[in-house]
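Reading through the structure tokens given below for one structure.
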Amino acid sequence: MILSMKTDFASMLRKAGLKATPARLSILAAFSKKHLPLSADDVTAALKGKKVDAVTVYRTLASLEKSSILKRVDLRKGSAHFEMADDHHHHIVCKGCGDIEDFELCNAEAVSRQALKESKRFSEIQEHSLELFGLCKSCAKS
Ligand SMILES: [Zn+2]
Ligand SMILES: [Zn+2]
């Protein structure tokens, strides 16, 4: 399981024209293991002991975003968060404690069609982001 995932990441990187360096592979492994949007600090913490420094993490995140392997998620947390671009879903973020939950429901296609119908200047929608902000059950109680 772990071996085949590593192989997938290596071929994913090669397909994007990037070398499968140990830093890139460990960073992608961190994303698939956590299955949550991660900031550069989260990634650096997750790779503690692997000798991947913060500067390398920043650079690698930028190159993986540029290659569309990672996508940027705006969780209003002050630092940019990233996640695997091929895993389409959205998030609910707690404005109290910052807890994040995924949700799979996506009606963006219908919204996009409607938006295009009403738009006078646009002919195409290519992507979207949708994050919901609220309070988790324990923050709502206090
Ligand atoms: Zn909360
Ligand atoms: Zn969506």
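Residue numbers start at 1 in each chain; chains themselves are named A, B, ... in the order of the structure tokens; ligands are numbered from 1 in the order shown.
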If you take only C-alpha atoms and all ligand atoms and a cut-off of 9 Å, which residues of chain A touch ligand 1, and what are their nearest atom pairs and distances in Å to one decimal, in chain and number order, as JSON lines?
{"residue": "A:Val93", "atom": "CA", "partner": "ligand 1", "partner_atom_place_in_ligand_line": "1 (Zn)", "distance": 8.1}
{"residue": "A:Cys94", "atom": "CA", "partner": "ligand 1", "partner_atom_place_in_ligand_line": "1 (Zn)", "distance": 4.7}
{"residue": "A:Lys95", "atom": "CA", "partner": "ligand 1", "partner_atom_place_in_ligand_line": "1 (Zn)", "distance": 6.5}
{"residue": "A:Gly96", "atom": "CA", "partner": "ligand 1", "partner_atom_place_in_ligand_line": "1 (Zn)", "distance": 4.6}
{"residue": "A:Cys97", "atom": "CA", "partner": "ligand 1", "partner_atom_place_in_ligand_line": "1 (Zn)", "distance": 3.9}
{"residue": "A:Gly98", "atom": "CA", "partner": "ligand 1", "partner_atom_place_in_ligand_line": "1 (Zn)", "distance": 5.9}
{"residue": "A:Asp99", "atom": "CA", "partner": "ligand 1", "partner_atom_place_in_ligand_line": "1 (Zn)", "distance": 5.6}
{"residue": "A:Ile100", "atom": "CA", "partner": "ligand 1", "partner_atom_place_in_ligand_line": "1 (Zn)", "distance": 8.7}
{"residue": "A:Gly134", "atom": "CA", "partner": "ligand 1", "partner_atom_place_in_ligand_line": "1 (Zn)", "distance": 8.3}
{"residue": "A:Leu135", "atom": "CA", "partner": "ligand 1", "partner_atom_place_in_ligand_line": "1 (Zn)", "distance": 5.4}
{"residue": "A:Cys136", "atom": "CA", "partner": "ligand 1", "partner_atom_place_in_ligand_line": "1 (Zn)", "distance": 4.2}
{"residue": "A:Lys137", "atom": "CA", "partner": "ligand 1", "partner_atom_place_in_ligand_line": "1 (Zn)", "distance": 6.8}
{"residue": "A:Ser138", "atom": "CA", "partner": "ligand 1", "partner_atom_place_in_ligand_line": "1 (Zn)", "distance": 6.0}
{"residue": "A:Cys139", "atom": "CA", "partner": "ligand 1", "partner_atom_place_in_ligand_line": "1 (Zn)", "distance": 4.4}
{"residue": "A:Ala140", "atom": "CA", "partner": "ligand 1", "partner_atom_place_in_ligand_line": "1 (Zn)", "distance": 7.3}
Selection file, C-alpha atoms, as a CSV table (one decimal), in the first residue's frame:
chain,number,residue,atom,x,y,z
A,93,VAL,CA,-14.1,25.8,9.1
A,94,CYS,CA,-14.9,26.6,12.8
A,95,LYS,CA,-14.4,30.4,13.4
A,96,GLY,CA,-13.9,29.6,17.1
A,97,CYS,CA,-11.2,26.9,17.3
A,98,GLY,CA,-10.2,26.6,13.6
A,99,ASP,CA,-11.4,22.9,13.3
A,100,ILE,CA,-11.8,21.8,9.7
A,134,GLY,CA,-19.2,28.6,11.2
A,135,LEU,CA,-19.0,27.1,14.7
A,136,CYS,CA,-18.4,23.6,15.7
A,137,LYS,CA,-20.7,22.0,18.2
A,138,SER,CA,-18.4,22.6,21.2
A,139,CYS,CA,-17.7,26.2,20.3
A,140,ALA,CA,-21.4,26.8,19.7
Using only C-alpha atoms and all ligand atoms, tabulate the residues of chain A lying at most 12 Å from any atom of ligand 2, each with its closest atom pair and that distance in Å to one decimal, by chain and increasing residue number, as JSON lines.
{"residue": "A:Ala85", "atom": "CA", "partner": "ligand 2", "partner_atom_place_in_ligand_line": "1 (Zn)", "distance": 11.5}
{"residue": "A:Asp86", "atom": "CA", "partner": "ligand 2", "partner_atom_place_in_ligand_line": "1 (Zn)", "distance": 11.5}
{"residue": "A:Asp87", "atom": "CA", "partner": "ligand 2", "partner_atom_place_in_ligand_line": "1 (Zn)", "distance": 10.0}
{"residue": "A:His88", "atom": "CA", "partner": "ligand 2", "partner_atom_place_in_ligand_line": "1 (Zn)", "distance": 6.3}
{"residue": "A:His89", "atom": "CA", "partner": "ligand 2", "partner_atom_place_in_ligand_line": "1 (Zn)", "distance": 5.7}
{"residue": "A:His90", "atom": "CA", "partner": "ligand 2", "partner_atom_place_in_ligand_line": "1 (Zn)", "distance": 6.3}
{"residue": "A:His91", "atom": "CA", "partner": "ligand 2", "partner_atom_place_in_ligand_line": "1 (Zn)", "distance": 9.9}
{"residue": "A:Asp102", "atom": "CA", "partner": "ligand 2", "partner_atom_place_in_ligand_line": "1 (Zn)", "distance": 11.3}
{"residue": "A:Phe103", "atom": "CA", "partner": "ligand 2", "partner_atom_place_in_ligand_line": "1 (Zn)", "distance": 9.5}
{"residue": "A:Glu104", "atom": "CA", "partner": "ligand 2", "partner_atom_place_in_ligand_line": "1 (Zn)", "distance": 7.8}
{"residue": "A:Leu105", "atom": "CA", "partner": "ligand 2", "partner_atom_place_in_ligand_line": "1 (Zn)", "distance": 7.3}
{"residue": "A:Cys106", "atom": "CA", "partner": "ligand 2", "partner_atom_place_in_ligand_line": "1 (Zn)", "distance": 4.4}
{"residue": "A:Asn107", "atom": "CA", "partner": "ligand 2", "partner_atom_place_in_ligand_line": "1 (Zn)", "distance": 6.6}
{"residue": "A:Ala108", "atom": "CA", "partner": "ligand 2", "partner_atom_place_in_ligand_line": "1 (Zn)", "distance": 5.4}
{"residue": "A:Glu109", "atom": "CA", "partner": "ligand 2", "partner_atom_place_in_ligand_line": "1 (Zn)", "distance": 7.9}
{"residue": "A:Ala110", "atom": "CA", "partner": "ligand 2", "partner_atom_place_in_ligand_line": "1 (Zn)", "distance": 10.5}
{"residue": "A:Val111", "atom": "CA", "partner": "ligand 2", "partner_atom_place_in_ligand_line": "1 (Zn)", "distance": 10.2}
{"residue": "A:Ser112", "atom": "CA", "partner": "ligand 2", "partner_atom_place_in_ligand_line": "1 (Zn)", "distance": 10.4}
{"residue": "A:Gln126", "atom": "CA", "partner": "ligand 2", "partner_atom_place_in_ligand_line": "1 (Zn)", "distance": 11.3}
{"residue": "A:Glu127", "atom": "CA", "partner": "ligand 2", "partner_atom_place_in_ligand_line": "1 (Zn)", "distance": 8.3}
{"residue": "A:His128", "atom": "CA", "partner": "ligand 2", "partner_atom_place_in_ligand_line": "1 (Zn)", "distance": 6.5}
{"residue": "A:Ser129", "atom": "CA", "partner": "ligand 2", "partner_atom_place_in_ligand_line": "1 (Zn)", "distance": 6.5}
{"residue": "A:Leu130", "atom": "CA", "partner": "ligand 2", "partner_atom_place_in_ligand_line": "1 (Zn)", "distance": 6.7}
{"residue": "A:Glu131", "atom": "CA", "partner": "ligand 2", "partner_atom_place_in_ligand_line": "1 (Zn)", "distance": 9.5}
{"residue": "A:Leu132", "atom": "CA", "partner": "ligand 2", "partner_atom_place_in_ligand_line": "1 (Zn)", "distance": 12.0}
Discussion item. Given only C-alpha atoms as the basis, pick out the residue of A:Lys71, A:Lys50, A:Arg76, A:Arg14 nearest to Ser26 of chain A.
Written reply: A:Lys50
Response to the item:
Pairwise distance, atom CA of Ser39 of chain A with atom CA of Ala10 of chain A, equals 22.1 Å
